[in-house]
Each structure stands twice: as structure tokens, then as C-alpha cells.
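Asks: Take a look at coords-v5.txt, compact mmCIF, C-alpha atoms:
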# COMPACT_ATOMS: atom_id res chain seq x y z
CA MET A 92 66.89 59.39 141.76
CA GLN A 93 64.46 62.29 141.68
CA PRO A 94 63.76 63.97 138.33
CA THR A 95 65.66 67.19 137.85
CA ALA A 96 64.94 70.20 135.73
CA SER A 97 66.00 70.01 132.09
CA ASP A 98 69.25 71.63 131.03
CA ALA A 99 68.69 75.35 130.63
CA SER A 100 70.51 75.27 127.27
CA SER A 101 68.06 72.75 125.89
CA THR A 102 65.74 74.07 123.22
CA PRO A 103 62.43 72.67 121.95
CA ALA A 104 64.16 71.68 118.71
CA ARG A 105 66.84 69.75 120.59
CA GLU A 106 64.27 68.11 122.82
CA PHE A 107 62.17 67.11 119.80
CA LEU A 108 65.24 65.61 118.13
CA ALA A 109 66.16 63.78 121.34
CA GLY A 110 62.71 62.23 121.50
CA ALA A 111 62.84 61.22 117.84
CA THR A 112 66.28 59.69 118.36
CA ALA A 113 65.18 57.77 121.44
CA ILE A 114 62.24 56.19 119.59
CA ALA A 115 64.32 55.29 116.50
CA PRO A 116 65.12 51.67 117.54
CA ALA A 117 61.41 51.01 118.04
CA VAL A 118 60.66 52.51 114.63
CA ILE A 119 63.19 50.17 113.01
CA ALA A 120 61.61 47.17 114.73
CA MET A 121 58.16 48.38 113.67
CA VAL A 122 58.86 48.59 109.94
CA PRO A 123 58.39 44.91 109.02
CA PHE A 124 55.15 44.75 111.00
CA ALA A 125 53.83 47.84 109.25
CA LEU A 126 54.62 46.31 105.86
CA ILE A 127 52.98 43.01 106.80
CA LEU A 128 49.87 44.77 108.09
CA GLY A 129 49.61 46.71 104.83
CA GLN A 130 50.02 43.51 102.86
CA GLN A 131 47.29 41.72 104.83
CA ALA A 132 44.94 44.71 104.54
CA ALA A 133 45.44 44.85 100.78
CA ALA A 134 44.67 41.13 100.57
CA LYS A 135 41.35 41.83 102.33
CA GLY A 136 40.50 44.48 99.75
CA LEU A 137 41.52 47.67 101.58
CA SER A 138 43.01 50.40 99.43
CA PRO A 139 46.12 52.42 100.39
CA LEU A 140 43.86 55.34 101.33
CA GLU A 141 41.71 53.10 103.56
CA MET A 142 44.86 51.69 105.14
CA LEU A 143 46.03 55.24 105.86
CA ALA A 144 42.65 56.07 107.39
CA MET A 145 42.79 53.00 109.66
CA SER A 146 46.35 53.69 110.79
CA SER A 147 45.57 57.34 111.46
CA ILE A 148 42.28 56.85 113.29
CA VAL A 149 43.08 53.69 115.24
CA PHE A 150 46.90 53.86 115.53
CA ALA A 151 47.20 50.61 117.49
CA GLY A 152 49.13 47.88 115.76
CA SER A 153 47.76 44.92 117.68
CA SER A 154 44.17 46.12 117.25
CA GLN A 155 44.73 46.75 113.56
CA PHE A 156 46.14 43.27 112.99
CA LEU A 157 43.12 41.80 114.74
CA ALA A 158 40.72 43.99 112.78
CA VAL A 159 42.30 42.98 109.47
CA SER A 160 42.20 39.29 110.40
CA LEU A 161 38.47 39.57 111.20
CA TRP A 162 37.67 41.89 108.31
CA SER A 163 34.77 40.96 106.10
CA PHE A 164 31.99 42.69 104.20
CA PRO A 165 30.04 43.89 106.05
CA ALA A 166 32.57 44.33 108.85
CA PRO A 167 31.64 42.88 112.30
CA VAL A 168 31.72 46.30 113.95
CA ALA A 169 30.65 45.22 117.45
CA ALA A 170 33.15 42.35 117.62
CA LEU A 171 35.97 44.57 116.34
CA ALA A 172 35.17 47.32 118.82
CA LEU A 173 35.07 44.95 121.79
CA ALA A 174 38.32 43.24 120.81
CA ALA A 175 40.05 46.60 120.35
CA LEU A 176 38.80 47.75 123.75
CA LEU A 177 40.18 44.69 125.51
CA ILE A 178 43.53 44.87 123.76
CA ASN A 179 43.96 48.57 124.47
CA LEU A 180 42.83 48.66 128.11
CA ARG A 181 46.52 48.76 129.00
CA HIS A 182 46.56 52.36 127.76
CA VAL A 183 44.49 53.34 130.80
CA LEU A 184 47.35 52.22 133.02
CA MET A 185 49.98 53.84 130.84
CA GLY A 186 48.08 57.10 130.82
CA ALA A 187 47.72 57.01 134.59
CA SER A 188 51.46 56.53 135.03
CA LEU A 189 52.20 59.58 132.87
CA ALA A 190 49.46 61.84 134.24
CA GLY A 191 51.60 63.45 136.91
CA LYS A 192 54.56 63.83 134.56
CA VAL A 193 52.70 65.84 131.91
CA GLY A 194 50.74 68.03 134.31
CA HIS A 195 52.85 71.05 133.33
CA PHE A 196 52.04 70.61 129.62
CA PRO A 197 49.61 73.11 128.08
CA LYS A 198 46.04 71.86 128.33
CA TRP A 199 45.64 71.23 124.61
CA MET A 200 48.77 69.08 124.63
CA ARG A 201 47.41 67.00 127.52
CA VAL A 202 44.26 66.46 125.47
CA VAL A 203 45.97 65.69 122.15
CA GLY A 204 49.01 63.84 123.51
CA PRO A 205 47.29 60.57 124.53
CA TYR A 206 46.03 60.08 120.97
CA PHE A 207 49.63 59.61 119.81
CA MET A 208 50.68 57.41 122.73
CA ALA A 209 51.72 53.89 121.82
CA ASP A 210 53.51 51.27 123.91
CA GLU A 211 56.93 52.24 122.60
CA THR A 212 56.27 55.95 123.07
CA TRP A 213 55.11 55.38 126.62
CA ALA A 214 58.23 53.39 127.50
CA VAL A 215 60.57 56.00 126.03
CA VAL A 216 58.95 59.05 127.63
CA GLU A 217 58.36 57.28 130.95
CA ARG A 218 62.05 56.45 131.17
CA ARG A 219 62.90 60.05 130.27
CA ALA A 220 60.55 61.36 132.97
CA LEU A 221 62.28 59.21 135.58
CA ALA A 222 65.61 60.85 134.73
CA THR A 223 64.65 64.47 134.13
CA ARG A 224 61.69 66.77 133.60
CA LEU A 225 59.65 65.61 130.61
CA THR A 226 59.13 68.35 128.04
CA PRO A 227 56.33 68.58 125.47
CA ALA A 228 58.90 68.73 122.68
CA TYR A 229 60.51 65.46 123.78
CA TYR A 230 57.13 63.75 124.12
CA PHE A 231 55.92 64.81 120.69
CA GLY A 232 59.32 64.18 119.14
CA ALA A 233 58.99 60.53 120.10
CA ALA A 234 55.25 60.24 119.55
CA LEU A 235 55.00 61.96 116.17
CA THR A 236 58.04 60.13 114.80
CA LEU A 237 56.51 56.76 115.62
CA PHE A 238 53.08 57.87 114.39
CA GLY A 239 54.36 59.19 111.08
CA CYS A 240 56.54 56.19 110.34
CA TRP A 241 53.67 53.83 111.13
CA GLN A 242 51.45 55.61 108.59
CA ILE A 243 54.15 55.46 105.92
CA GLY A 244 55.00 51.83 106.64
CA THR A 245 51.44 50.52 106.57
CA VAL A 246 50.63 52.32 103.32
CA LEU A 247 53.85 51.10 101.71
CA GLY A 248 52.88 47.63 102.86
CA THR A 249 49.84 47.70 100.60
CA PHE A 250 52.30 48.01 97.69
CA LEU A 251 55.47 46.26 98.90
CA GLY A 252 54.39 43.89 101.67
CA ALA A 253 54.12 40.96 99.28
CA LEU A 254 57.92 41.04 98.95
CA ILE A 255 58.13 39.71 102.53
CA ASP A 256 56.76 36.25 101.86
CA ASP A 257 58.01 34.63 105.08
CA PRO A 258 58.56 37.11 107.95
CA VAL A 259 59.19 34.28 110.44
CA ARG A 260 62.10 32.96 108.39
CA LEU A 261 63.64 36.41 108.39
CA GLY A 262 63.19 36.79 112.14
CA PHE A 263 60.79 39.72 111.80
CA ASP A 264 58.31 38.02 114.15
CA PHE A 265 60.73 38.56 117.05
CA ALA A 266 61.47 42.20 116.30
CA PHE A 267 58.69 43.61 118.52
CA PRO A 268 59.32 41.27 121.49
CA ALA A 269 63.01 42.12 121.30
CA ILE A 270 62.43 45.87 121.39
CA PHE A 271 59.93 45.54 124.25
CA ILE A 272 62.42 43.48 126.27
CA SER A 273 65.10 46.13 125.74
CA LEU A 274 62.67 48.92 126.72
CA ALA A 275 61.59 47.04 129.83
CA LEU A 276 65.19 46.49 130.89
CA GLY A 277 65.67 50.25 130.72
CA PHE A 278 63.53 50.44 133.88
CA TRP A 279 65.69 47.88 135.73
CA LYS A 280 66.53 49.01 139.26
CA GLY A 281 67.98 45.79 140.60
CA ALA A 282 66.70 42.27 141.16
CA ARG A 283 65.15 43.06 144.54
CA GLN A 284 63.13 46.05 143.34
CA THR A 285 62.32 45.28 139.70
CA GLY A 286 62.58 41.49 139.60
CA PRO A 287 59.32 40.71 141.46
CA VAL A 288 57.39 43.13 139.26
CA MET A 289 58.58 41.56 136.02
CA VAL A 290 58.15 38.01 137.30
CA ALA A 291 54.62 38.66 138.59
CA ALA A 292 53.55 40.33 135.36
CA ALA A 293 55.04 37.57 133.20
CA VAL A 294 53.68 34.65 135.22
CA VAL A 295 50.16 36.05 135.47
CA ALA A 296 50.06 37.07 131.80
CA VAL A 297 51.15 33.62 130.65
CA ALA A 298 48.70 31.88 132.99
CA VAL A 299 45.75 34.03 131.92
CA HIS A 300 46.67 33.64 128.26
CA ALA A 301 46.56 29.87 128.70
CA VAL A 302 43.10 29.72 130.26
CA VAL A 303 41.20 32.85 129.20
CA PRO A 304 40.48 33.63 125.52
CA GLY A 305 41.02 37.10 124.17
CA ALA A 306 43.44 39.80 125.26
CA TRP A 307 42.68 39.74 128.99
CA TYR A 308 46.21 38.51 129.67
CA VAL A 309 47.52 41.99 128.77
CA VAL A 310 45.45 43.66 131.47
CA ALA A 311 46.01 40.84 133.97
CA GLY A 312 49.78 41.01 133.56
CA ALA A 313 49.80 44.78 133.96
CA LEU A 314 47.68 44.65 137.12
CA ALA A 315 49.86 41.89 138.56
CA GLY A 316 52.96 43.98 137.96
CA ILE A 317 51.37 46.98 139.65
CA ALA A 318 50.33 44.87 142.63
CA ALA A 319 53.83 43.45 142.94
CA ALA A 320 55.31 46.96 142.82
CA VAL A 321 52.96 48.19 145.56
CA ILE A 322 53.69 45.19 147.77
CA THR A 323 57.47 45.19 147.37
CA THR A 324 58.11 48.96 147.44
CA PRO A 325 59.26 50.09 150.88
CA HIS A 326 56.83 52.49 152.52
CA GLU A 327 58.02 55.07 155.01
CA ALA A 328 56.25 55.04 158.32
CA VAL A 329 53.90 57.95 158.85
CA THR A 330 54.39 59.67 162.19
CA PRO A 331 51.74 61.83 163.78
Take the structure in this file and express it as C-alpha cells.
Replies:
Amino acid sequence: MQPTASDASSTPAREFLAGATAIAPAVIAMVPFALILGQQAAAKGLSPLEMLAMSSIVFAGSSQFLAVSLWSFPAPVAALALAALLINLRHVLMGASLAGKVGHFPKWMRVVGPYFMADETWAVVERRALATRLTPAYYFGAALTLFGCWQIGTVLGTFLGALIDDPVRLGFDFAFPAIFISLALGFWKGARQTGPVMVAAAVVAVAVHAVVPGAWYVVAGALAGIAAAVITTPHEAVTP
């Protein structure tokens, strides 16, 4: 289905609210992780203000967890920077997939928007763009909601995270995988079209994770999925 123009009756306020509503399940799944990150950061000596600074400047949960786990005084800046780069290389692919769908955004929004893009935001706005024209209000409704709640959650975690003494027992460790599975299934277009992409990405990611240290499995899985999509997508013959 080709994207269609947004409903003429839609207003920026409604689009912003729609984006915020669409990202809400991901925000709920994110809360325990934000609290745990805040707890771990406080245990390493970071203050609530320093936690807020990290969450605002970095805004990448997986990188922040890694940074906190490696944190020491003085901090291993080079090691942290390299690890964050490897983990977040997937954002290059996510940004490329959205480039053509935000081309009508004002220039300043195209510059600022990627800063607020997280995995969950990308999945929500990508799915929206496949159904209808993506608006700036929808994008920032989803992105800013996730961003703001992450800041609040991580800072609260420095005060309240100790109350969650065993997140695994409570099932919080599966919250993020569960929400990612549900977001991925939102792109399902049938076993013949989507199945090979998901299988290729999963198999390659698991294999690389087993043999290569670090976060290379994230990039490898993404590239495998892209390759599978290119190979399995029917291409119309070009006639002279």
C-alpha cells in the first residue's frame, strides 16, 4: 500500500498526541530499565544531575548501561566511546530508512530530529510512514515523549531504583524484548515477504554474537536483514 496524504482535518496537536499515544507501550516497557539504570549509576557514584546529563546527552539506553558498567575514576573515555559507536551503528541504517520520509520536514527539524531518534521511536514512525504521510508533529510527539520519560525515569532511578532488588524475578528483563517483538510484528507483510528478512537477521545476529565479542551482532543482523529484503523483494523488469 502506498502512503497517502494525512487527513485534512488532522491538526499538529492531534498528530502530536497520536505519536505520543503510539509510543506509550514502549514507554511503559522502558520504565523499569530507566529505574535500574539510575540505580546502577547511583551505585557508581553518579548524582541525579549527572544521570540527567548522561541521559540527555547520550540518550541511548544500551550505551548508557554499558558506560555505567565500565564506569570508573578516571573514566575509560576511549573504550566507552568505541563501545557506544559499535552499539549505535544501527542508527545509521535507521536514519537511512527514514531519510526519504522526512524530506518534507523543515530543515531544522531534519537536523534536530535524529538526536531524539531511538529504536522504539524509529519503529513507531516508520510504521506510520508506511501507512500515511509522516508529519513532524507525529514524529516529535513520539520522540519527545520517549525522550522526556527516559530522563524522568533514569533520574528517579537514582532515588527509587533500589526498591527493585530483583528485576529478573519480576519479569522486567523481558520487557524490552517483548516490546521489540511486538513492534517488529507490526511490519509483518506475510511469511513469504517478511519471514526471510526476520529469519536472516535473527540467525546472523545470534551467530555473530556467539563468535564475535562486542556489539557487532547488532550491525550484522541488520545488514543480513537488509540483504534478505533486497534478494527476496520482486523487482520489475526495466524495459528500454
Asks: Counting all atoms listed in the file, what is within 6 Å of stretch 229-243 of chain A, bar same-chain residues fewer than 2 positions away, as a compact mmCIF listing (two decimals) with C-alpha atoms, in the coordinates of the input?
Replies:
# COMPACT_ATOMS: atom_id res chain seq x y z
CA GLU A 106 64.27 68.11 122.82
CA PHE A 107 62.17 67.11 119.80
CA GLY A 110 62.71 62.23 121.50
CA ALA A 111 62.84 61.22 117.84
CA ILE A 114 62.24 56.19 119.59
CA SER A 146 46.35 53.69 110.79
CA PHE A 207 49.63 59.61 119.81
CA THR A 212 56.27 55.95 123.07
CA THR A 226 59.13 68.35 128.04
CA PRO A 227 56.33 68.58 125.47
CA THR A 245 51.44 50.52 106.57
CA VAL A 246 50.63 52.32 103.32
Asks: Excluding same-chain residues fewer than 4 positions from A:Gly316, what lies within 10 Å of it counting only C-alpha atoms, as a VMD selection string?
Replies: chain A and resid 285 287 to 296 310 to 312 320 to 322
Asks: Output C-alpha atoms for every residue in that selection, as a PDB file, in the coordinates of the input.
Replies:
ATOM      1  CA  THR A 285      62.320  45.280 139.700  1.00  0.00           C
ATOM      2  CA  PRO A 287      59.320  40.710 141.460  1.00  0.00           C
ATOM      3  CA  VAL A 288      57.390  43.130 139.260  1.00  0.00           C
ATOM      4  CA  MET A 289      58.580  41.560 136.020  1.00  0.00           C
ATOM      5  CA  VAL A 290      58.150  38.010 137.300  1.00  0.00           C
ATOM      6  CA  ALA A 291      54.620  38.660 138.590  1.00  0.00           C
ATOM      7  CA  ALA A 292      53.550  40.330 135.360  1.00  0.00           C
ATOM      8  CA  ALA A 293      55.040  37.570 133.200  1.00  0.00           C
ATOM      9  CA  VAL A 294      53.680  34.650 135.220  1.00  0.00           C
ATOM     10  CA  VAL A 295      50.160  36.050 135.470  1.00  0.00           C
ATOM     11  CA  ALA A 296      50.060  37.070 131.800  1.00  0.00           C
ATOM     12  CA  VAL A 310      45.450  43.660 131.470  1.00  0.00           C
ATOM     13  CA  ALA A 311      46.010  40.840 133.970  1.00  0.00           C
ATOM     14  CA  GLY A 312      49.780  41.010 133.560  1.00  0.00           C
ATOM     15  CA  ALA A 320      55.310  46.960 142.820  1.00  0.00           C
ATOM     16  CA  VAL A 321      52.960  48.190 145.560  1.00  0.00           C
ATOM     17  CA  ILE A 322      53.690  45.190 147.770  1.00  0.00           C
TER      18      ILE A 322
END
Asks: Looking at all atoms listed in the file, which of A:Leu189, A:Ala315, A:Ile148, A:Leu221 is the one that sits closest to A:Ala298?
Replies: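 With all atoms listed in the file as the atom set, the closest residue is A:Ala315.
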